[in-house]
file upload-v3.csv (CSV, C-alpha atoms)
chain,number,residue,atom,x,y,z
Z,6,MET,CA,0.0,0.0,0.0
Z,7,SER,CA,1.2,3.5,-0.9
Z,8,ASN,CA,1.9,6.0,1.8
Z,9,ALA,CA,1.1,9.0,-0.4
Z,10,TYR,CA,-1.9,10.2,1.5
Z,11,TYR,CA,-1.7,13.8,2.8
Z,12,SER,CA,-3.1,16.4,5.1
Z,13,ALA,CA,-6.3,18.3,4.4
Z,14,ASN,CA,-5.2,21.1,6.7
Z,15,VAL,CA,-2.1,22.6,5.1
Z,16,GLY,CA,-0.4,23.0,1.8
Z,17,ALA,CA,-3.4,23.3,-0.6
Z,18,LYS,CA,-3.3,26.3,-2.9
Z,19,LEU,CA,-5.7,28.2,-5.1
Z,20,PHE,CA,-4.4,30.0,-8.2
Z,21,MET,CA,-6.2,32.7,-10.2
Z,22,GLY,CA,-5.6,33.2,-13.9
Z,23,ALA,CA,-4.7,36.7,-15.1
Z,24,SER,CA,-6.8,36.6,-18.3
Z,25,THR,CA,-10.3,38.0,-18.3
Z,26,ALA,CA,-10.7,37.7,-22.1
Z,27,THR,CA,-14.1,36.8,-23.4
Z,28,THR,CA,-12.5,33.6,-24.8
Z,29,LEU,CA,-10.1,32.5,-22.1
Z,30,PRO,CA,-6.8,31.0,-23.1
Z,31,ALA,CA,-5.9,27.4,-22.2
Z,32,PRO,CA,-4.5,27.2,-18.7
Z,33,GLY,CA,-1.0,26.6,-20.2
Z,34,SER,CA,-1.1,29.9,-22.0
Z,35,ASP,CA,-2.4,31.9,-19.0
Z,36,SER,CA,-0.4,33.3,-16.1
Z,37,PHE,CA,-1.5,32.5,-12.6
Z,38,THR,CA,-1.2,34.1,-9.2
Z,39,GLU,CA,-1.6,32.3,-5.9
Z,40,VAL,CA,-4.5,33.5,-3.8
Z,41,PRO,CA,-2.8,34.7,-0.6
Z,42,LEU,CA,-3.9,34.0,3.0
Z,43,LEU,CA,-6.2,31.2,1.9
Z,44,GLY,CA,-8.1,29.8,4.9
Z,45,SER,CA,-10.0,27.0,3.1
Z,46,ILE,CA,-11.0,25.8,-0.3
Z,47,LYS,CA,-13.2,22.9,-1.2
Z,48,PRO,CA,-12.6,21.3,-4.6
Z,49,PRO,CA,-15.6,20.9,-6.9
Z,50,ALA,CA,-17.7,17.9,-6.2
Z,51,ASN,CA,-18.7,15.2,-8.7
Z,52,GLN,CA,-22.3,14.6,-8.0
Z,53,LEU,CA,-24.6,13.3,-10.6
Z,54,SER,CA,-28.4,13.8,-10.9
Z,55,VAL,CA,-30.0,10.4,-10.2
Z,56,GLY,CA,-33.2,9.0,-11.6
Z,57,PHE,CA,-35.1,6.0,-10.0
Z,58,PHE,CA,-37.6,3.9,-11.8
Z,59,ASN,CA,-39.4,0.6,-11.7
Z,60,ILE,CA,-39.7,-2.2,-14.2
Z,61,LEU,CA,-42.8,-4.3,-14.4
Z,62,ASN,CA,-42.5,-7.7,-12.8
Z,63,ASP,CA,-39.2,-6.7,-11.1
Z,64,ALA,CA,-39.4,-6.0,-7.4
Z,65,ASN,CA,-36.0,-4.3,-7.3
Z,66,ARG,CA,-35.8,-0.5,-7.6
Z,67,ARG,CA,-33.6,0.6,-10.6
Z,68,SER,CA,-31.6,3.8,-11.0
Z,69,VAL,CA,-29.7,5.7,-13.6
Z,70,GLY,CA,-27.2,8.5,-13.4
Z,71,GLY,CA,-27.6,11.7,-15.3
Z,72,LYS,CA,-25.6,14.9,-15.7
Z,73,LEU,CA,-23.3,16.5,-13.2
Z,74,ASN,CA,-25.0,18.8,-10.8
Z,75,ASP,CA,-23.9,22.4,-10.3
Z,76,ARG,CA,-20.3,22.6,-9.2
Z,77,THR,CA,-18.9,25.2,-6.9
Z,78,CYS,CA,-15.8,25.8,-4.8
Z,79,PRO,CA,-16.5,27.4,-1.5
Z,80,GLY,CA,-13.6,28.8,0.5
Z,81,ASN,CA,-12.4,31.7,2.6
Z,82,VAL,CA,-9.5,34.1,2.7
Z,83,VAL,CA,-8.1,36.2,5.6
Z,84,ALA,CA,-8.8,39.6,4.1
Z,85,ASP,CA,-5.8,41.8,3.2
Z,86,TRP,CA,-6.8,44.7,1.0
Z,87,THR,CA,-3.3,45.4,0.1
Z,88,GLU,CA,-3.3,42.2,-1.9
Z,89,THR,CA,-4.2,42.7,-5.5
Z,90,VAL,CA,-5.7,39.2,-5.8
Z,91,HIS,CA,-8.2,39.9,-3.0
Z,92,GLN,CA,-9.1,43.2,-4.7
Z,93,ASN,CA,-9.6,41.4,-8.0
Z,94,MET,CA,-11.7,38.7,-6.5
Z,95,GLU,CA,-14.0,41.4,-5.0
Z,96,ALA,CA,-14.2,43.2,-8.3
Z,97,ASP,CA,-14.9,39.9,-10.1
Z,98,SER,CA,-17.8,39.2,-7.8
Z,99,LEU,CA,-19.7,42.2,-9.2
Z,100,ALA,CA,-18.8,41.6,-12.8
Z,101,GLN,CA,-19.5,37.9,-13.5
Z,102,ARG,CA,-16.0,37.8,-14.8
Z,103,LYS,CA,-14.7,34.3,-15.7
Z,104,ARG,CA,-11.2,33.3,-15.3
Z,105,ASN,CA,-9.0,30.2,-15.3
Z,106,TRP,CA,-8.5,28.8,-11.8
Z,107,TYR,CA,-6.7,25.8,-10.4
Z,108,ILE,CA,-6.4,24.1,-7.1
Z,109,LEU,CA,-3.1,22.6,-6.3
Z,110,TYR,CA,-3.2,19.6,-3.9
Z,111,PRO,CA,-0.5,19.1,-1.2
Z,112,ASP,CA,0.1,15.5,-2.3
Z,113,SER,CA,3.5,14.3,-3.5
Z,114,GLY,CA,2.2,14.1,-7.0
Z,115,ALA,CA,0.9,17.7,-6.9
Z,116,ARG,CA,-2.5,16.9,-8.2
Z,117,ARG,CA,-4.0,19.9,-10.0
Z,118,ASP,CA,-7.7,20.6,-10.8
Z,119,ASP,CA,-8.1,23.1,-13.6
Z,120,PHE,CA,-11.4,24.8,-14.4
Z,121,VAL,CA,-13.0,28.0,-15.6
Z,122,GLY,CA,-15.1,29.8,-13.0
Z,123,PHE,CA,-16.3,33.1,-11.6
Z,124,ILE,CA,-16.8,34.5,-8.2
Z,125,SER,CA,-20.4,34.0,-7.4
Z,126,LYS,CA,-20.2,34.8,-3.7
Z,127,TRP,CA,-18.1,37.3,-1.8
Z,128,ASP,CA,-19.3,37.6,1.7
Z,129,LYS,CA,-17.3,39.5,4.3
Z,130,THR,CA,-17.7,38.3,7.8
Z,131,GLU,CA,-19.2,40.7,10.4
Z,132,PHE,CA,-17.3,43.0,12.7
Z,133,ASN,CA,-18.4,42.1,16.2
Z,134,ALA,CA,-17.2,43.8,19.3
Z,135,GLY,CA,-18.6,40.9,21.4
Z,136,ASP,CA,-15.8,38.5,20.5
Z,137,ASP,CA,-12.1,38.4,21.1
Z,138,ALA,CA,-10.0,39.4,18.2
Z,139,VAL,CA,-10.2,37.1,15.2
Z,140,GLU,CA,-8.9,37.6,11.7
Z,141,HIS,CA,-11.4,39.3,9.3
Z,142,ARG,CA,-12.3,36.8,6.6
Z,143,VAL,CA,-14.2,36.7,3.4
Z,144,ASP,CA,-16.3,33.7,2.5
Z,145,PHE,CA,-16.3,33.2,-1.2
Z,146,GLU,CA,-17.6,30.7,-3.8
Z,147,ILE,CA,-16.3,30.1,-7.3
Z,148,THR,CA,-18.9,28.6,-9.6
Z,149,VAL,CA,-17.4,26.3,-12.1
Z,150,ASP,CA,-18.3,26.8,-15.8
Z,151,GLY,CA,-17.6,23.6,-17.8
Z,152,ALA,CA,-15.3,20.7,-17.1
Z,153,VAL,CA,-12.8,20.2,-14.4
Z,154,THR,CA,-9.5,18.9,-15.8
Z,155,VAL,CA,-7.6,16.8,-13.3
Z,156,THR,CA,-3.8,16.3,-13.6
Z,157,TYR,CA,-2.3,13.7,-11.3
X,8,MET,CA,7.7,38.5,22.3
X,9,ILE,CA,4.6,39.2,24.4
X,10,ASP,CA,6.2,38.2,27.7
X,11,GLN,CA,8.9,40.8,27.5
X,12,ASP,CA,6.5,43.4,26.1
X,13,LEU,CA,4.0,42.8,28.9
X,14,LEU,CA,6.9,42.9,31.4
X,15,ALA,CA,7.9,46.4,30.2
X,16,HIS,CA,4.2,47.5,30.0
X,17,LEU,CA,3.5,46.5,33.6
X,18,LYS,CA,6.7,48.2,34.9
X,19,ALA,CA,5.8,51.3,33.0
X,20,LEU,CA,2.4,51.5,34.8
X,21,ALA,CA,4.4,52.8,37.8
X,22,THR,CA,2.1,51.2,40.4
X,23,ALA,CA,3.2,50.7,44.0
X,24,ALA,CA,5.0,47.6,42.8
X,25,GLY,CA,7.3,49.8,40.7
X,26,VAL,CA,9.6,47.7,38.6
X,27,ARG,CA,9.2,44.7,40.8
X,28,VAL,CA,7.4,42.8,38.0
X,29,HIS,CA,8.6,39.3,37.2
X,30,ILE,CA,7.9,36.5,34.8
X,31,ASP,CA,6.7,33.3,36.5
X,32,THR,CA,7.7,33.9,40.2
X,33,VAL,CA,8.7,36.7,42.5
X,34,PRO,CA,12.3,36.1,43.7
X,35,GLN,CA,12.8,35.4,47.4
X,36,ASP,CA,13.3,38.5,49.6
X,37,THR,CA,11.7,40.8,47.0
X,38,THR,CA,10.2,43.8,48.6
X,39,LEU,CA,6.5,43.7,48.4
X,40,PRO,CA,4.2,44.6,46.8
X,41,ALA,CA,5.3,42.9,43.6
X,42,ILE,CA,3.8,41.5,40.4
X,43,ALA,CA,4.4,38.1,38.8
X,44,PHE,CA,2.7,36.8,35.6
X,45,ARG,CA,2.8,33.6,33.7
X,46,HIS,CA,1.2,31.9,30.7
X,47,SER,CA,-1.6,29.6,31.8
X,48,GLY,CA,-2.5,28.4,28.3
X,49,GLY,CA,-3.3,29.8,24.9
X,50,GLY,CA,-1.0,29.5,21.9
X,51,ASN,CA,-3.8,28.2,19.7
X,52,THR,CA,-2.6,30.1,16.7
X,53,PRO,CA,-4.6,29.6,13.6
X,54,LYS,CA,-2.8,29.3,10.3
X,55,THR,CA,-3.7,29.6,6.7
X,56,LEU,CA,-3.4,26.7,4.2
X,57,GLY,CA,-0.2,28.4,3.2
X,58,ASN,CA,1.1,27.9,6.8
X,59,VAL,CA,1.0,31.6,7.6
X,60,SER,CA,0.6,32.1,11.4
X,61,LEU,CA,-2.3,34.5,12.2
X,62,PHE,CA,-3.2,35.9,15.6
X,63,THR,CA,-1.7,34.3,18.7
X,64,ARG,CA,-3.9,33.8,21.8
X,65,ALA,CA,-2.1,34.1,25.1
X,66,ASN,CA,-3.8,33.3,28.4
X,67,ILE,CA,-1.9,35.0,31.1
X,68,ASP,CA,-2.4,35.0,34.9
X,69,ILE,CA,-1.2,38.1,36.7
X,70,GLU,CA,-0.6,37.9,40.4
X,71,VAL,CA,-0.1,40.9,42.7
X,72,LEU,CA,1.6,39.9,46.0
X,73,ALA,CA,1.6,42.1,49.0
X,74,GLN,CA,1.7,42.0,52.8
X,75,ARG,CA,-2.0,42.9,52.9
X,76,GLN,CA,-4.9,42.8,50.5
X,77,ASP,CA,-5.4,46.5,50.9
X,78,ASP,CA,-2.0,47.0,49.3
X,79,ALA,CA,-2.6,44.6,46.4
X,80,TYR,CA,-6.0,45.8,45.4
X,81,PRO,CA,-5.1,49.2,43.9
X,82,ILE,CA,-2.3,47.5,41.9
X,83,ALA,CA,-4.6,44.8,40.5
X,84,VAL,CA,-7.2,47.5,39.6
X,85,ALA,CA,-4.5,49.5,37.8
X,86,VAL,CA,-3.4,46.5,35.9
X,87,LYS,CA,-6.9,45.6,34.9
X,88,ASN,CA,-7.7,49.2,33.8
X,89,SER,CA,-4.6,49.1,31.7
X,90,LEU,CA,-5.1,45.7,30.0
X,91,HIS,CA,-8.9,45.2,29.8
X,92,GLY,CA,-9.7,46.6,26.3
X,93,TYR,CA,-6.1,47.3,25.4
X,94,ARG,CA,-5.5,47.4,21.7
X,95,GLY,CA,-2.5,48.6,19.8
X,96,THR,CA,1.3,48.4,20.0
X,97,MET,CA,2.9,46.9,23.1
X,98,GLY,CA,6.6,46.9,22.5
X,99,SER,CA,7.2,44.6,19.5
X,100,SER,CA,3.7,43.0,19.8
X,101,ASP,CA,0.6,44.2,17.9
X,102,VAL,CA,-2.2,43.6,20.4
X,103,GLN,CA,-5.5,43.0,18.7
X,104,SER,CA,-7.6,42.6,21.8
X,105,SER,CA,-7.0,42.1,25.5
X,106,ARG,CA,-9.7,41.1,28.0
X,107,CYS,CA,-9.8,40.3,31.7
X,108,VAL,CA,-11.4,36.9,31.7
X,109,SER,CA,-11.3,36.4,35.4
X,110,ASP,CA,-11.4,39.4,37.8
X,111,PRO,CA,-8.8,39.7,40.6
X,112,SER,CA,-9.5,37.2,43.3
X,113,ASN,CA,-7.9,36.5,46.6
X,114,ILE,CA,-4.9,34.3,47.0
X,115,SER,CA,-2.5,33.7,49.8
X,116,ALA,CA,0.9,32.0,49.9
X,117,VAL,CA,3.1,30.7,52.7
X,118,ASP,CA,6.9,30.8,52.5
X,119,GLY,CA,8.4,29.4,55.7
X,120,ASP,CA,7.1,31.7,58.5
X,121,LYS,CA,6.0,34.4,56.0
X,122,VAL,CA,2.4,34.7,54.7
X,123,PHE,CA,1.8,36.7,51.6
X,124,ARG,CA,-1.6,38.0,50.5
X,125,GLY,CA,-2.4,38.9,47.0
X,126,LEU,CA,-4.8,38.9,44.0
X,127,ILE,CA,-4.8,36.9,40.8
X,128,ALA,CA,-6.5,37.8,37.6
X,129,SER,CA,-6.6,36.1,34.2
X,130,TYR,CA,-6.3,37.8,30.9
X,131,LEU,CA,-6.7,36.7,27.3
X,132,ILE,CA,-4.4,38.7,25.0
X,133,VAL,CA,-4.7,38.2,21.2
X,134,HIS,CA,-1.7,39.5,19.4
X,135,ARG,CA,0.7,39.1,16.5

call {"tool": "encode", "arguments": {"input": "upload-v3.csv", "output": "structure tokens"}}
result
Amino acid sequence: MSNAYYSANVGAKLFMGASTATTLPAPGSDSFTEVPLLGSIKPPANQLSVGFFNILNDANRRSVGGKLNDRTCPGNVVADWTETVHQNMEADSLAQRKRNWYILYPDSGARRDDFVGFISKWDKTEFNAGDDAVEHRVDFEITVDGAVTVTY
Amino acid sequence: MIDQDLLAHLKALATAAGVRVHIDTVPQDTTLPAIAFRHSGGGNTPKTLGNVSLFTRANIDIEVLAQRQDDAYPIAVAVKNSLHGYRGTMGSSDVQSSRCVSDPSNISAVDGDKVFRGLIASYLIVHR
């Protein structure tokens, strides 16, 4: 058995493509910047729509898989407004601006999930005098447009 | 380093304890009143996925030792007034919040034939 499993708590990275062209370049032709101060990122899920049906004279329930459901990548960053990437993500959230993105896994093979997406949620956490100091974060969500290309 | 910064901060308060402020314990034969403080926990520093350390949480107990409670009380109040709600630069530390999580309460200590009175209070200091 391989020992190449890895931590889910450190080392994963999210990269944002520079191009905002109407027709985006292939990831290999784009330039990427790491999203700084990334607190969490959830890779897009593979979840199919499922249909159930019966067949006459067959007591067993049958099922069939359909298309992929909507795919999103929720995450959060520790806000730092001197970071151009954070500024761009906020601007994108108002502009439906699609970019190339990829998530780099912390495994030894450096798995990479490439996809096109746009910031569909940019939700700054509240300021609350009732708590001890915590870092101000922004919860975000990238909605995936199209396929996710996995490179192991 | 928050310990050294807090040490300087408490000395600068110019309470009746003066510069008799110590980390961990008060040395033997120190003139009273005096202050001693120590970490009682904390250190649960969150990190980003990129392993960047964020705010550090320090739980600190501050003791004021004196011959009588009457001598200790004004010092403990001065310390609380200074630290509860403190925010800003403290030496090389950038204090994000400071809160008295346990008000000064009575303690006593026996060292040979000597009996000390005092007060102990707990603070949570979030800093970077």

call {"tool": "interface_residues", "arguments": {"input": "upload-v3.csv", "of": "chain X", "to": "chain Z", "cutoff": "8 Å", "atoms": "all atoms listed in the file", "output": "list of chain:residue names"}}
result
X:Lys54, X:Thr55, X:Leu56, X:Gly57, X:Asn58, X:Val59, X:Leu61, X:Phe62, X:Gln103, X:Ser104, X:Ser105, X:Arg106, X:Val133

call {"tool": "residues_around", "arguments": {"input": "upload-v3.csv", "residues": "Leu39 in chain X", "least_positions_apart": "6", "cutoff": "12 Å", "atoms": "all atoms listed in the file", "output": "tab-separated table (two decimals) with C-alpha atoms, in the coordinates of the input"}}
result
chain	number	residue	atom	x	y	z
X	22	THR	CA	2.10	51.20	40.40
X	23	ALA	CA	3.20	50.70	44.00
X	24	ALA	CA	5.00	47.60	42.80
X	25	GLY	CA	7.30	49.80	40.70
X	26	VAL	CA	9.60	47.70	38.60
X	27	ARG	CA	9.20	44.70	40.80
X	28	VAL	CA	7.40	42.80	38.00
X	33	VAL	CA	8.70	36.70	42.50
X	71	VAL	CA	-0.10	40.90	42.70
X	72	LEU	CA	1.60	39.90	46.00
X	73	ALA	CA	1.60	42.10	49.00
X	74	GLN	CA	1.70	42.00	52.80
X	75	ARG	CA	-2.00	42.90	52.90
X	76	GLN	CA	-4.90	42.80	50.50
X	78	ASP	CA	-2.00	47.00	49.30
X	79	ALA	CA	-2.60	44.60	46.40
X	82	ILE	CA	-2.30	47.50	41.90
X	122	VAL	CA	2.40	34.70	54.70
X	123	PHE	CA	1.80	36.70	51.60
X	124	ARG	CA	-1.60	38.00	50.50
X	125	GLY	CA	-2.40	38.90	47.00

call {"tool": "atom_distance", "arguments": {"input": "upload-v3.csv", "atom1": "CA of Trp127 in chain Z", "atom2": "CA of Asp150 in chain Z"}}
result
17.5 Å

call {"tool": "residues_around", "arguments": {"input": "upload-v3.csv", "residues": "Thr38 in chain Z", "least_positions_apart": "4", "cutoff": "7 Å", "atoms": "all atoms listed in the file", "output": "count of residues only"}}
result
3

call {"tool": "closest_residue", "arguments": {"input": "upload-v3.csv", "among": "X:Ala85, X:Ile30, X:Ala43, X:Ile132", "to": "Met97 in chain X", "atoms": "all atoms listed in the file"}}
result
X:Ile132

call {"tool": "atom_distance", "arguments": {"input": "upload-v3.csv", "atom1": "CA of Ala100 in chain Z", "atom2": "CA of Pro30 in chain Z"}}
result
19.0 Å

call {"tool": "atom_distance", "arguments": {"input": "upload-v3.csv", "atom1": "CA of Leu73 in chain Z", "atom2": "CA of Ala50 in chain Z"}}
result
9.1 Å

call {"tool": "residues_near_point", "arguments": {"input": "upload-v3.csv", "point": "(10.9, 33.9, 54.4)", "cutoff": "8 Å", "atoms": "only C-alpha atoms", "output": "list in words"}}
result
Gln35, Asp36, Asp118, Gly119, Asp120 and Lys121 of chain X

call {"tool": "residues_near_point", "arguments": {"input": "upload-v3.csv", "point": "(-5.4, 42.2, 0.6)", "cutoff": "12 Å", "atoms": "only C-alpha atoms", "output": "PyMOL selection string"}}
result
chain Z and resi 40-43+82-95+141-143

call {"tool": "residues_around", "arguments": {"input": "upload-v3.csv", "residues": "His46 in chain X", "least_positions_apart": "4", "cutoff": "8 Å", "atoms": "only C-alpha atoms", "output": "list of chain:residue names"}}
result
X:Ala65, X:Asn66, X:Ile67, X:Asp68

call {"tool": "decode", "arguments": {"input": "upload-v3.csv", "residues": "range 39-144 of chain Z", "atoms": "C-alpha atoms", "output": "short mmCIF file (atom, residue, chain, number, x, y, z; two decimals), in the first residue's frame"}}
result
data_model
loop_
_atom_site.label_atom_id
_atom_site.label_comp_id
_atom_site.auth_asym_id
_atom_site.auth_seq_id
_atom_site.Cartn_x
_atom_site.Cartn_y
_atom_site.Cartn_z
CA GLU Z 39 -1.61 32.26 -5.88
CA VAL Z 40 -4.50 33.49 -3.76
CA PRO Z 41 -2.76 34.69 -0.59
CA LEU Z 42 -3.94 34.02 2.96
CA LEU Z 43 -6.22 31.21 1.89
CA GLY Z 44 -8.08 29.79 4.88
CA SER Z 45 -9.99 27.03 3.14
CA ILE Z 46 -10.96 25.81 -0.30
CA LYS Z 47 -13.23 22.94 -1.23
CA PRO Z 48 -12.59 21.29 -4.59
CA PRO Z 49 -15.58 20.93 -6.92
CA ALA Z 50 -17.66 17.85 -6.22
CA ASN Z 51 -18.67 15.17 -8.70
CA GLN Z 52 -22.33 14.64 -7.96
CA LEU Z 53 -24.65 13.29 -10.60
CA SER Z 54 -28.35 13.78 -10.86
CA VAL Z 55 -29.99 10.42 -10.25
CA GLY Z 56 -33.24 8.99 -11.55
CA PHE Z 57 -35.10 6.04 -9.98
CA PHE Z 58 -37.59 3.90 -11.77
CA ASN Z 59 -39.43 0.58 -11.65
CA ILE Z 60 -39.67 -2.22 -14.17
CA LEU Z 61 -42.81 -4.28 -14.43
CA ASN Z 62 -42.52 -7.71 -12.85
CA ASP Z 63 -39.24 -6.68 -11.14
CA ALA Z 64 -39.42 -5.99 -7.41
CA ASN Z 65 -36.01 -4.28 -7.35
CA ARG Z 66 -35.80 -0.52 -7.64
CA ARG Z 67 -33.64 0.63 -10.56
CA SER Z 68 -31.62 3.82 -10.96
CA VAL Z 69 -29.71 5.69 -13.60
CA GLY Z 70 -27.15 8.47 -13.39
CA GLY Z 71 -27.58 11.69 -15.31
CA LYS Z 72 -25.59 14.87 -15.75
CA LEU Z 73 -23.30 16.48 -13.21
CA ASN Z 74 -25.00 18.81 -10.78
CA ASP Z 75 -23.92 22.44 -10.32
CA ARG Z 76 -20.28 22.61 -9.22
CA THR Z 77 -18.93 25.23 -6.86
CA CYS Z 78 -15.78 25.76 -4.83
CA PRO Z 79 -16.51 27.42 -1.50
CA GLY Z 80 -13.63 28.78 0.55
CA ASN Z 81 -12.42 31.67 2.62
CA VAL Z 82 -9.51 34.07 2.75
CA VAL Z 83 -8.12 36.18 5.57
CA ALA Z 84 -8.80 39.61 4.14
CA ASP Z 85 -5.81 41.75 3.22
CA TRP Z 86 -6.84 44.67 1.03
CA THR Z 87 -3.26 45.42 0.05
CA GLU Z 88 -3.33 42.15 -1.89
CA THR Z 89 -4.22 42.70 -5.55
CA VAL Z 90 -5.68 39.21 -5.80
CA HIS Z 91 -8.18 39.95 -3.04
CA GLN Z 92 -9.09 43.23 -4.72
CA ASN Z 93 -9.58 41.44 -8.04
CA MET Z 94 -11.72 38.73 -6.49
CA GLU Z 95 -13.99 41.38 -5.00
CA ALA Z 96 -14.23 43.22 -8.32
CA ASP Z 97 -14.94 39.94 -10.13
CA SER Z 98 -17.81 39.21 -7.76
CA LEU Z 99 -19.69 42.18 -9.17
CA ALA Z 100 -18.79 41.57 -12.79
CA GLN Z 101 -19.55 37.90 -13.51
CA ARG Z 102 -15.95 37.80 -14.76
CA LYS Z 103 -14.75 34.33 -15.74
CA ARG Z 104 -11.16 33.28 -15.26
CA ASN Z 105 -9.02 30.19 -15.30
CA TRP Z 106 -8.52 28.79 -11.82
CA TYR Z 107 -6.74 25.81 -10.42
CA ILE Z 108 -6.42 24.09 -7.08
CA LEU Z 109 -3.06 22.57 -6.29
CA TYR Z 110 -3.20 19.64 -3.88
CA PRO Z 111 -0.52 19.08 -1.23
CA ASP Z 112 0.08 15.46 -2.26
CA SER Z 113 3.48 14.30 -3.48
CA GLY Z 114 2.17 14.14 -7.05
CA ALA Z 115 0.94 17.75 -6.86
CA ARG Z 116 -2.51 16.93 -8.21
CA ARG Z 117 -4.02 19.88 -10.02
CA ASP Z 118 -7.70 20.61 -10.76
CA ASP Z 119 -8.08 23.15 -13.58
CA PHE Z 120 -11.39 24.81 -14.36
CA VAL Z 121 -13.02 27.99 -15.58
CA GLY Z 122 -15.14 29.80 -13.05
CA PHE Z 123 -16.34 33.07 -11.63
CA ILE Z 124 -16.76 34.49 -8.15
CA SER Z 125 -20.44 33.99 -7.39
CA LYS Z 126 -20.25 34.84 -3.69
CA TRP Z 127 -18.05 37.33 -1.82
CA ASP Z 128 -19.33 37.57 1.73
CA LYS Z 129 -17.29 39.51 4.26
CA THR Z 130 -17.69 38.31 7.84
CA GLU Z 131 -19.17 40.70 10.35
CA PHE Z 132 -17.32 43.03 12.66
CA ASN Z 133 -18.38 42.07 16.16
CA ALA Z 134 -17.24 43.76 19.34
CA GLY Z 135 -18.59 40.88 21.39
CA ASP Z 136 -15.78 38.51 20.50
CA ASP Z 137 -12.06 38.41 21.14
CA ALA Z 138 -9.99 39.42 18.15
CA VAL Z 139 -10.15 37.11 15.17
CA GLU Z 140 -8.88 37.65 11.68
CA HIS Z 141 -11.39 39.27 9.35
CA ARG Z 142 -12.28 36.77 6.64
CA VAL Z 143 -14.21 36.71 3.43
CA ASP Z 144 -16.27 33.66 2.53
#
